[in-house]
$ cat entry-v4.txt   # compact mmCIF, C-alpha atoms
# COMPACT_ATOMS: atom_id res chain seq x y z
CA MET A 25 86.06 108.78 108.93
CA ARG A 26 86.35 106.18 106.21
CA LYS A 27 87.32 106.83 102.63
CA ASN A 28 85.63 104.75 99.92
CA PHE A 29 87.74 103.68 96.98
CA GLY A 30 85.01 101.98 94.94
CA ALA A 31 85.21 98.51 93.44
CA LYS A 32 88.92 97.69 93.29
CA PRO A 33 91.07 94.55 93.34
CA MET A 34 92.92 95.59 96.50
CA LEU A 35 94.01 93.50 99.45
CA TYR A 36 96.93 93.15 101.86
CA PRO A 37 98.86 91.03 101.39
CA MET A 38 98.77 90.28 97.68
CA PRO A 39 101.27 87.75 96.37
CA VAL A 40 103.87 87.98 93.62
CA LEU A 41 103.41 84.65 91.86
CA ILE A 42 105.95 83.68 89.22
CA ILE A 43 104.28 81.15 86.92
CA GLY A 44 106.73 78.86 85.13
CA THR A 45 105.79 76.94 81.97
CA TYR A 46 107.35 75.27 78.94
CA GLY A 47 106.55 76.43 75.42
CA GLU A 48 105.85 74.09 72.53
CA ASP A 49 109.56 73.93 71.68
CA GLY A 50 110.57 73.41 75.32
CA THR A 51 111.63 77.02 75.98
CA PRO A 52 110.93 77.87 79.62
CA ASN A 53 108.78 80.94 80.22
CA ALA A 54 107.73 82.88 83.31
CA MET A 55 105.20 85.55 84.15
CA ASN A 56 104.29 87.56 87.24
CA ALA A 57 100.72 87.46 88.62
CA ALA A 58 99.28 89.17 91.69
CA TRP A 59 95.69 87.95 91.44
CA GLY A 60 95.66 84.55 93.05
CA GLY A 61 96.17 82.47 96.14
CA ILE A 62 95.54 79.18 97.90
CA THR A 63 91.84 78.35 97.59
CA GLU A 64 91.58 74.83 98.99
CA GLU A 65 93.60 72.12 100.72
CA ASN A 66 95.96 71.50 97.80
CA GLU A 67 94.74 74.04 95.30
CA ILE A 68 95.83 77.38 93.94
CA THR A 69 93.67 79.73 91.85
CA ILE A 70 95.24 82.42 89.66
CA CYS A 71 93.75 84.86 87.15
CA VAL A 72 95.66 84.55 83.86
CA SER A 73 94.06 85.97 80.76
CA GLU A 74 93.88 83.96 77.57
CA ASP A 75 96.35 86.03 75.54
CA HIS A 76 99.39 85.25 77.71
CA LYS A 77 102.03 82.90 76.33
CA THR A 78 101.90 81.28 79.77
CA THR A 79 98.23 80.36 79.30
CA LYS A 80 98.87 78.65 75.97
CA ASN A 81 101.85 76.84 77.47
CA LEU A 82 100.15 75.51 80.58
CA LEU A 83 97.11 74.31 78.66
CA GLN A 84 99.35 72.41 76.23
CA ARG A 85 101.44 70.76 78.96
CA GLY A 86 98.74 70.51 81.61
CA ALA A 87 101.17 71.83 84.19
CA PHE A 88 102.89 74.86 85.66
CA THR A 89 104.99 75.89 88.63
CA VAL A 90 104.43 78.85 90.94
CA SER A 91 107.62 80.24 92.39
CA VAL A 92 107.49 82.73 95.24
CA ALA A 93 109.13 86.01 94.19
CA THR A 94 111.85 87.17 96.57
CA ALA A 95 113.51 90.44 97.55
CA ALA A 96 116.78 89.22 96.04
CA GLU A 97 115.11 88.75 92.63
CA VAL A 98 112.74 91.72 92.60
CA VAL A 99 114.10 93.26 89.38
CA ALA A 100 113.79 90.02 87.41
CA ALA A 101 110.37 89.30 88.97
CA ASP A 102 109.13 92.69 87.80
CA TYR A 103 110.73 92.25 84.37
CA VAL A 104 108.83 89.04 83.63
CA GLY A 105 105.64 90.91 84.57
CA ILE A 106 106.15 93.76 82.10
CA THR A 107 107.48 91.72 79.17
CA SER A 108 105.42 89.27 77.13
CA GLY A 109 106.71 85.86 76.13
CA ASN A 110 104.85 86.45 72.85
CA ASP A 111 107.28 89.32 72.06
CA VAL A 112 110.42 88.05 73.82
CA PRO A 113 110.43 84.25 73.64
CA ASP A 114 113.57 83.93 75.79
CA LYS A 115 112.44 86.42 78.45
CA LEU A 116 113.12 84.03 81.31
CA ALA A 117 116.77 83.76 80.23
CA ARG A 118 116.92 87.54 79.78
CA ALA A 119 115.72 87.89 83.36
CA GLY A 120 118.94 86.09 84.29
CA TRP A 121 117.12 83.01 85.47
CA HIS A 122 118.03 79.37 84.96
CA THR A 123 115.74 76.37 85.16
CA GLU A 124 115.54 72.67 85.74
CA LYS A 125 112.59 70.44 85.01
CA SER A 126 110.28 69.72 87.92
CA ALA A 127 110.44 66.08 89.05
CA PHE A 128 106.66 66.11 89.53
CA VAL A 129 105.10 68.03 86.64
CA ASP A 130 105.97 69.01 83.07
CA ALA A 131 107.07 72.55 83.92
CA PRO A 132 110.30 74.33 84.85
CA LEU A 133 111.58 75.26 88.31
CA ILE A 134 113.55 78.51 88.45
CA LEU A 135 116.86 77.96 90.22
CA GLU A 136 117.11 81.54 91.47
CA LEU A 137 113.73 81.33 93.29
CA PRO A 138 114.14 78.95 96.24
CA MET A 139 110.49 78.04 96.89
CA ALA A 140 107.92 76.79 94.39
CA LEU A 141 104.61 74.97 94.07
CA GLU A 142 104.47 72.28 91.38
CA CYS A 143 100.98 72.15 89.92
CA ARG A 144 98.77 70.22 87.52
CA VAL A 145 96.09 72.14 85.64
CA LYS A 146 92.69 71.24 87.10
CA SER A 147 90.63 73.69 85.07
CA TYR A 148 90.84 76.91 83.11
CA ASP A 149 88.00 79.22 82.19
CA LYS A 150 88.93 81.94 79.72
CA GLU A 151 85.76 83.95 80.43
CA THR A 152 86.74 84.50 84.06
CA CYS A 153 90.56 84.08 83.58
CA ARG A 154 90.32 81.48 86.36
CA LEU A 155 93.15 78.96 86.38
CA VAL A 156 92.81 76.28 89.05
CA GLY A 157 95.85 74.16 89.81
CA GLU A 158 96.31 71.09 91.94
CA ILE A 159 99.39 71.49 94.11
CA VAL A 160 101.28 68.23 93.61
CA ASN A 161 104.35 69.21 95.59
CA VAL A 162 105.89 72.15 97.44
CA THR A 163 109.64 72.39 97.08
CA ALA A 164 112.22 74.62 98.74
CA ASP A 165 115.96 74.92 98.51
CA GLU A 166 117.83 73.90 101.65
CA SER A 167 119.33 77.40 101.80
CA VAL A 168 115.97 78.79 102.95
CA LEU A 169 115.20 76.14 105.54
CA GLY A 170 115.42 76.87 109.23
CA GLU A 171 114.65 75.09 112.47
CA GLY A 172 113.31 71.56 112.03
CA GLY A 173 113.81 71.71 108.29
CA LYS A 174 110.88 74.11 107.83
CA ILE A 175 110.85 76.97 105.36
CA ASP A 176 112.13 80.10 107.12
CA PRO A 177 110.57 83.27 105.65
CA GLN A 178 113.43 85.35 107.08
CA LYS A 179 115.77 83.40 104.76
CA LEU A 180 113.37 83.15 101.83
CA ARG A 181 112.47 86.86 101.94
CA PRO A 182 109.24 86.61 99.89
CA ILE A 183 107.80 89.83 98.51
CA THR A 184 104.21 91.02 98.30
CA TYR A 185 102.52 93.42 95.90
CA ASP A 186 101.16 96.67 97.33
CA PRO A 187 98.14 97.51 95.14
CA ALA A 188 97.73 101.06 96.46
CA ASN A 189 101.30 102.23 95.87
CA HIS A 190 102.52 99.73 93.25
CA THR A 191 105.54 98.73 95.25
CA TYR A 192 106.87 95.38 96.34
CA LEU A 193 106.99 94.97 100.12
CA ALA A 194 109.15 92.48 101.99
CA LEU A 195 107.74 90.43 104.84
CA SER A 196 108.91 91.27 108.31
CA THR A 197 109.28 89.38 111.57
CA PRO A 198 106.57 87.47 113.50
CA VAL A 199 104.08 89.57 115.46
CA GLY A 200 102.01 86.67 116.77
CA ARG A 201 101.39 82.94 116.88
CA ALA A 202 98.49 81.43 114.95
CA PHE A 203 96.04 79.08 116.70
CA SER A 204 97.58 80.27 119.95
CA ASP A 205 97.46 84.02 120.69
CA GLY A 206 93.68 84.04 120.56
CA LYS A 207 93.48 81.64 123.53
CA LYS A 208 94.06 84.67 125.76
CA LEU A 209 90.51 85.76 124.99
CA LYS A 210 88.88 82.36 125.58
CA MET B 7 119.57 70.67 97.09
CA ARG B 8 115.81 70.98 97.27
CA LYS B 9 113.57 69.50 99.92
CA ASN B 10 110.13 68.27 98.85
CA PHE B 11 107.25 68.82 101.24
CA GLY B 12 104.55 67.01 99.26
CA ALA B 13 101.12 68.39 98.40
CA LYS B 14 100.54 71.23 100.86
CA PRO B 15 98.54 74.48 100.90
CA MET B 16 101.63 76.65 101.38
CA LEU B 17 102.48 79.99 99.86
CA TYR B 18 104.12 83.29 100.79
CA PRO B 19 102.39 85.56 101.41
CA MET B 20 99.10 84.11 102.66
CA PRO B 21 96.50 86.58 103.88
CA VAL B 22 94.64 86.82 107.18
CA LEU B 23 91.11 87.56 105.99
CA ILE B 24 88.53 88.51 108.61
CA ILE B 25 85.11 87.72 107.16
CA GLY B 26 82.29 89.79 108.69
CA THR B 27 78.63 88.73 108.44
CA TYR B 28 75.29 89.22 110.15
CA GLY B 29 73.41 86.32 111.71
CA GLU B 30 69.68 85.77 111.33
CA ASP B 31 69.00 87.91 114.41
CA GLY B 32 71.41 90.64 113.29
CA THR B 33 74.31 89.61 115.54
CA PRO B 34 77.60 90.45 113.81
CA ASN B 35 80.02 87.55 113.43
CA ALA B 36 83.61 87.25 112.21
CA MET B 37 85.97 84.48 111.23
CA ASN B 38 89.59 84.24 110.14
CA ALA B 39 90.49 82.61 106.80
CA ALA B 40 93.90 82.19 105.18
CA TRP B 41 92.83 80.38 102.01
CA GLY B 42 91.80 83.08 99.60
CA GLY B 43 92.73 86.12 97.58
CA ILE B 44 91.87 88.43 94.73
CA THR B 45 91.01 86.30 91.69
CA GLU B 46 89.74 88.83 89.15
CA GLU B 47 89.28 92.56 88.57
CA ASN B 48 86.72 93.05 91.37
CA GLU B 49 86.51 89.57 92.79
CA ILE B 50 87.72 87.71 95.85
CA THR B 51 87.68 83.93 96.31
CA ILE B 52 87.83 82.36 99.77
CA CYS B 53 87.54 78.77 100.97
CA VAL B 54 84.90 78.60 103.72
CA SER B 55 83.49 75.23 104.59
CA GLU B 56 79.77 74.70 104.89
CA ASP B 57 79.65 74.17 108.66
CA HIS B 58 80.81 77.68 109.60
CA LYS B 59 78.26 80.08 111.05
CA THR B 60 79.78 82.61 108.62
CA THR B 61 78.76 80.47 105.64
CA LYS B 62 75.13 80.24 106.78
CA ASN B 63 75.11 83.98 107.45
CA LEU B 64 76.55 85.13 104.15
CA LEU B 65 74.27 82.86 102.15
CA GLN B 66 71.22 84.25 103.98
CA ARG B 67 72.21 87.90 103.52
CA GLY B 68 73.99 87.55 100.18
CA ALA B 69 76.83 89.66 101.51
CA PHE B 70 79.98 89.78 103.61
CA THR B 71 82.93 92.03 104.36
CA VAL B 72 86.60 91.09 104.34
CA SER B 73 88.68 93.12 106.76
CA VAL B 74 92.46 93.01 106.61
CA ALA B 75 93.87 91.71 109.91
CA THR B 76 96.46 94.01 111.44
CA ALA B 77 99.39 93.71 113.83
CA ALA B 78 97.50 95.85 116.36
CA GLU B 79 94.62 93.34 116.42
CA VAL B 80 96.53 90.07 116.11
CA VAL B 81 95.14 88.52 119.31
CA ALA B 82 91.52 89.20 118.38
CA ALA B 83 92.14 88.12 114.77
CA ASP B 84 93.49 84.79 116.01
CA TYR B 85 90.65 84.42 118.54
CA VAL B 86 87.95 84.63 115.87
CA GLY B 87 89.85 81.93 113.99
CA ILE B 88 89.89 79.43 116.85
CA THR B 89 86.36 80.05 118.17
CA SER B 90 83.18 79.08 116.33
CA GLY B 91 80.18 81.39 116.08
CA ASN B 92 78.10 78.22 116.44
CA ASP B 93 79.44 77.81 120.00
CA VAL B 94 79.97 81.47 120.96
CA PRO B 95 77.32 83.56 119.20
CA ASP B 96 78.78 86.88 120.43
CA LYS B 97 82.39 85.99 119.62
CA LEU B 98 82.97 89.21 117.69
CA ALA B 99 82.06 91.24 120.78
CA ARG B 100 84.22 88.94 122.94
CA ALA B 101 87.11 89.72 120.61
CA GLY B 102 86.68 93.32 121.74
CA TRP B 103 85.48 94.44 118.34
CA HIS B 104 82.71 96.88 117.47
CA THR B 105 80.83 97.17 114.20
CA GLU B 106 78.81 99.44 112.00
CA LYS B 107 76.73 98.40 109.02
CA SER B 108 78.40 98.70 105.63
CA ALA B 109 76.84 101.44 103.48
CA PHE B 110 77.15 99.14 100.45
CA VAL B 111 76.23 95.62 101.52
CA ASP B 112 74.23 93.88 104.24
CA ALA B 113 77.22 93.02 106.40
CA PRO B 114 79.16 94.58 109.27
CA LEU B 115 82.39 96.58 109.13
CA ILE B 116 84.67 96.11 112.13
CA LEU B 117 85.70 99.48 113.54
CA GLU B 118 89.01 98.21 114.93
CA LEU B 119 90.17 96.98 111.48
CA PRO B 120 90.81 100.04 109.32
CA MET B 121 90.63 98.46 105.83
CA ALA B 122 87.89 96.26 104.41
CA LEU B 123 86.38 94.95 101.20
CA GLU B 124 82.59 95.08 100.99
CA CYS B 125 81.33 92.14 98.95
CA ARG B 126 78.22 90.61 97.43
CA VAL B 127 78.05 86.82 97.20
CA LYS B 128 78.49 85.82 93.56
CA SER B 129 78.55 82.08 94.12
CA TYR B 130 79.20 79.41 96.71
CA ASP B 131 80.02 75.77 96.13
CA LYS B 132 79.95 73.60 99.24
CA GLU B 133 81.77 70.72 97.52
CA THR B 134 84.87 72.83 96.92
CA CYS B 135 84.30 75.35 99.79
CA ARG B 136 84.65 78.03 97.11
CA LEU B 137 83.04 81.34 97.99
CA VAL B 138 83.28 83.96 95.23
CA GLY B 139 82.48 87.54 96.14
CA GLU B 140 82.08 90.63 94.01
CA ILE B 141 84.02 93.51 95.56
CA VAL B 142 81.52 96.37 95.62
CA ASN B 143 83.72 98.81 97.52
CA VAL B 144 87.07 99.04 99.26
CA THR B 145 87.02 101.20 102.35
CA ALA B 146 89.78 102.45 104.64
CA ASP B 147 89.88 104.65 107.69
CA GLU B 148 91.61 108.00 107.21
CA SER B 149 94.06 107.06 109.96
CA VAL B 150 95.76 104.60 107.58
CA LEU B 151 95.94 106.86 104.56
CA GLY B 152 99.22 108.40 103.43
CA GLU B 153 100.45 110.48 100.54
CA GLY B 154 97.77 111.40 98.01
CA GLY B 155 95.06 109.81 100.14
CA LYS B 156 96.26 106.29 99.30
CA ILE B 157 96.31 103.44 101.79
CA ASP B 158 99.71 103.35 103.48
CA PRO B 159 100.67 99.81 104.52
CA GLN B 160 103.16 101.21 107.03
CA LYS B 161 100.18 102.73 108.88
CA LEU B 162 97.77 99.85 108.27
CA ARG B 163 100.29 97.19 109.35
CA PRO B 164 98.55 94.23 107.73
CA ILE B 165 99.61 90.75 108.82
CA THR B 166 100.18 87.60 106.81
CA TYR B 167 99.94 83.95 107.79
CA ASP B 168 103.13 81.89 107.72
CA PRO B 169 101.98 78.35 106.84
CA ALA B 170 105.31 76.68 107.68
CA ASN B 171 105.72 78.08 111.17
CA HIS B 172 102.13 79.03 112.06
CA THR B 173 103.02 82.59 112.94
CA TYR B 174 101.64 85.92 111.81
CA LEU B 175 104.21 88.06 110.02
CA ALA B 176 104.00 91.82 109.57
CA LEU B 177 104.75 93.44 106.24
CA SER B 178 107.93 95.42 105.96
CA THR B 179 109.11 98.33 103.85
CA PRO B 180 109.25 98.57 100.04
CA VAL B 181 112.06 96.68 98.31
CA GLY B 182 111.10 97.62 94.76
CA ARG B 183 108.72 99.39 92.41
CA ALA B 184 106.19 97.38 90.38
CA PHE B 185 105.92 97.95 86.61
CA SER B 186 109.17 99.88 86.87
CA ASP B 187 112.20 98.04 88.29
CA GLY B 188 112.05 95.45 85.51
CA LYS B 189 112.69 98.11 82.87
CA LYS B 190 116.38 97.87 83.80
CA LEU B 191 116.46 94.53 81.98
CA LYS B 192 114.64 95.69 78.84
$ encode --input "entry-v4.txt" --output "structure tokens"
Amino acid sequence: MRKNFGAKPMLYPMPVLIIGTYGEDGTPNAMNAAWGGITEENEITICVSEDHKTTKNLLQRGAFTVSVATAAEVVAADYVGITSGNDVPDKLARAGWHTEKSAFVDAPLILELPMALECRVKSYDKETCRLVGEIVNVTADESVLGEGGKIDPQKLRPITYDPANHTYLALSTPVGRAFSDGKKLK
Amino acid sequence: MRKNFGAKPMLYPMPVLIIGTYGEDGTPNAMNAAWGGITEENEITICVSEDHKTTKNLLQRGAFTVSVATAAEVVAADYVGITSGNDVPDKLARAGWHTEKSAFVDAPLILELPMALECRVKSYDKETCRLVGEIVNVTADESVLGEGGKIDPQKLRPITYDPANHTYLALSTPVGRAFSDGKKLK
């Protein structure tokens, strides 16, 4: 028997995207978004409503970063999701995070989050909250790299948002190989 | 030290979306997509290029389902990603999957995948591969429900796509509470 939940924004996995921007005076800001993902070759789409400080910031600078939230930084990642940069201008600093300017776009990288996407604003539509970003570069700290210099998710420890239970879940170990396991059925 | 990977469609987590559609003759089809996610209140966006059988199908019927790929079905989930419905019309059956018609939209639910989103096509743009679907209903088999009748990801065992290592990763246990843990920093 199936249970129907109605029209709901629920999926597994959902990401925990930390959007980094600079304010007008150069203050770095960050917010937490779960509605978004890769939507094309070098493109990310995220729903950010118009009233966020982040939205004003990224439209002014034409750029933002998306850091991957990690298990090690779950408290700070949640904090920037429940606090508005309109009320607490230095919320990123209060989260205990430090930044450096991206070498690729006019937006901050958060030093405590080892992996980030550096993005240019392609388009924003306030009616649908749809922010589309061009991924200009993906960057990762050497501390989370594994074999062959690739990002190792066991070192990065990214978290995901559980929309049914409102928890953050860690990723676990590999259960299969992509573009490979399915050959057994060919 | 950071390592720069250039412009790449990489993120953690990335989903493993199994898109279910009916062909012109009613044959159920399925494909595997990793570029997509929730993009608004009741909306999912997925990149599906024009040449897929799935794309023809969903445009004809105006509907599709998105099942969450699971650890239990990783081989079949990978198989439908590496085999085209244009070449193997009964690929869903060859994956060992069975279907029933969604009660909400003109598309098949896959019985072996316990959670699915039932969607109407809102728009499709072949230039950008952008499929936007309205989520009409979220459905889950009782076997994956936990406390309070909510979906329990420990029972569902959804998988995610690791874009750096081309593996499928399982989700793990909770590492934090959303809208709650961050209060410690307020």
$ residues_around --input "entry-v4.txt" --residues "segment 177-180 of chain B" --least-positions-apart "5" --cutoff "12 Å" --atoms "only C-alpha atoms" --output "short mmCIF file (atom, residue, chain, number, x, y, z; two decimals) with C-alpha atoms, keeping the file's coordinate frame"
data_model
loop_
_atom_site.label_atom_id
_atom_site.label_comp_id
_atom_site.auth_asym_id
_atom_site.auth_seq_id
_atom_site.Cartn_x
_atom_site.Cartn_y
_atom_site.Cartn_z
CA TYR A 36 96.93 93.15 101.86
CA PRO A 37 98.86 91.03 101.39
CA MET A 38 98.77 90.28 97.68
CA PRO A 39 101.27 87.75 96.37
CA ALA A 95 113.51 90.44 97.55
CA VAL A 98 112.74 91.72 92.60
CA PRO A 177 110.57 83.27 105.65
CA GLN A 178 113.43 85.35 107.08
CA ARG A 181 112.47 86.86 101.94
CA PRO A 182 109.24 86.61 99.89
CA ILE A 183 107.80 89.83 98.51
CA THR A 184 104.21 91.02 98.30
CA TYR A 185 102.52 93.42 95.90
CA ASP A 186 101.16 96.67 97.33
CA ASN A 189 101.30 102.23 95.87
CA HIS A 190 102.52 99.73 93.25
CA THR A 191 105.54 98.73 95.25
CA TYR A 192 106.87 95.38 96.34
CA LEU A 193 106.99 94.97 100.12
CA ALA A 194 109.15 92.48 101.99
CA LEU A 195 107.74 90.43 104.84
CA SER A 196 108.91 91.27 108.31
CA THR A 197 109.28 89.38 111.57
CA PRO A 198 106.57 87.47 113.50
CA VAL A 199 104.08 89.57 115.46
CA TYR B 18 104.12 83.29 100.79
CA PRO B 19 102.39 85.56 101.41
CA MET B 20 99.10 84.11 102.66
CA PRO B 21 96.50 86.58 103.88
CA ALA B 75 93.87 91.71 109.91
CA THR B 76 96.46 94.01 111.44
CA ALA B 77 99.39 93.71 113.83
CA ASP B 158 99.71 103.35 103.48
CA PRO B 159 100.67 99.81 104.52
CA GLN B 160 103.16 101.21 107.03
CA LYS B 161 100.18 102.73 108.88
CA LEU B 162 97.77 99.85 108.27
CA ARG B 163 100.29 97.19 109.35
CA PRO B 164 98.55 94.23 107.73
CA ILE B 165 99.61 90.75 108.82
CA THR B 166 100.18 87.60 106.81
CA TYR B 167 99.94 83.95 107.79
CA ASP B 168 103.13 81.89 107.72
#
$ atom_distance --input "entry-v4.txt" --atom1 "atom CA of Asp187 of chain B" --atom2 "atom CA of Tyr103 of chain A"
7.1 Å
$ atom_distance --input "entry-v4.txt" --atom1 "atom CA of Asp57 of chain B" --atom2 "atom CA of Val144 of chain B"
27.6 Å
$ residues_around --input "entry-v4.txt" --residues "Ile134 of chain A" --least-positions-apart "2" --cutoff "6 Å" --atoms "only C-alpha atoms" --output "MDAnalysis selection string"
chainID A and resid 122:123 136:137
$ atom_distance --input "entry-v4.txt" --atom1 "atom CA of Leu141 of chain A" --atom2 "atom CA of Arg154 of chain A"
17.5 Å
$ decode --input "entry-v4.txt" --residues "segment 109-141 of chain B" --atoms "C-alpha atoms" --output "PDB file, in the first residue's frame"
ATOM      1  CA  ALA B 109      -3.532   7.712  -9.832  1.00  0.00           C
ATOM      2  CA  PHE B 110      -2.609  11.366 -10.389  1.00  0.00           C
ATOM      3  CA  VAL B 111      -0.808  11.654 -13.721  1.00  0.00           C
ATOM      4  CA  ASP B 112      -0.515   9.744 -16.993  1.00  0.00           C
ATOM      5  CA  ALA B 113       2.773   8.052 -16.137  1.00  0.00           C
ATOM      6  CA  PRO B 114       3.931   4.817 -14.508  1.00  0.00           C
ATOM      7  CA  LEU B 115       5.014   4.231 -10.915  1.00  0.00           C
ATOM      8  CA  ILE B 116       7.738   1.616 -10.490  1.00  0.00           C
ATOM      9  CA  LEU B 117       6.726  -0.920  -7.859  1.00  0.00           C
ATOM     10  CA  GLU B 118      10.310  -1.739  -6.855  1.00  0.00           C
ATOM     11  CA  LEU B 119      11.081   1.926  -6.009  1.00  0.00           C
ATOM     12  CA  PRO B 120       9.088   2.831  -2.893  1.00  0.00           C
ATOM     13  CA  MET B 121       9.089   6.649  -3.175  1.00  0.00           C
ATOM     14  CA  ALA B 122       8.097   8.765  -6.163  1.00  0.00           C
ATOM     15  CA  LEU B 123       7.011  12.231  -7.227  1.00  0.00           C
ATOM     16  CA  GLU B 124       4.080  12.364  -9.648  1.00  0.00           C
ATOM     17  CA  CYS B 125       4.496  15.327 -11.980  1.00  0.00           C
ATOM     18  CA  ARG B 126       2.793  17.285 -14.727  1.00  0.00           C
ATOM     19  CA  VAL B 127       4.993  18.883 -17.388  1.00  0.00           C
ATOM     20  CA  LYS B 128       5.040  22.641 -16.810  1.00  0.00           C
ATOM     21  CA  SER B 129       7.581  23.475 -19.493  1.00  0.00           C
ATOM     22  CA  TYR B 130      10.382  22.031 -21.567  1.00  0.00           C
ATOM     23  CA  ASP B 131      13.131  23.909 -23.361  1.00  0.00           C
ATOM     24  CA  LYS B 132      15.214  21.794 -25.728  1.00  0.00           C
ATOM     25  CA  GLU B 133      17.936  24.453 -26.019  1.00  0.00           C
ATOM     26  CA  THR B 134      18.750  24.261 -22.316  1.00  0.00           C
ATOM     27  CA  CYS B 135      17.460  20.664 -21.731  1.00  0.00           C
ATOM     28  CA  ARG B 136      15.365  22.183 -18.936  1.00  0.00           C
ATOM     29  CA  LEU B 137      12.310  20.156 -17.985  1.00  0.00           C
ATOM     30  CA  VAL B 138      10.155  21.774 -15.293  1.00  0.00           C
ATOM     31  CA  GLY B 139       7.545  19.618 -13.613  1.00  0.00           C
ATOM     32  CA  GLU B 140       4.775  20.476 -11.197  1.00  0.00           C
ATOM     33  CA  ILE B 141       4.781  17.996  -8.322  1.00  0.00           C
TER      34      ILE B 141
END
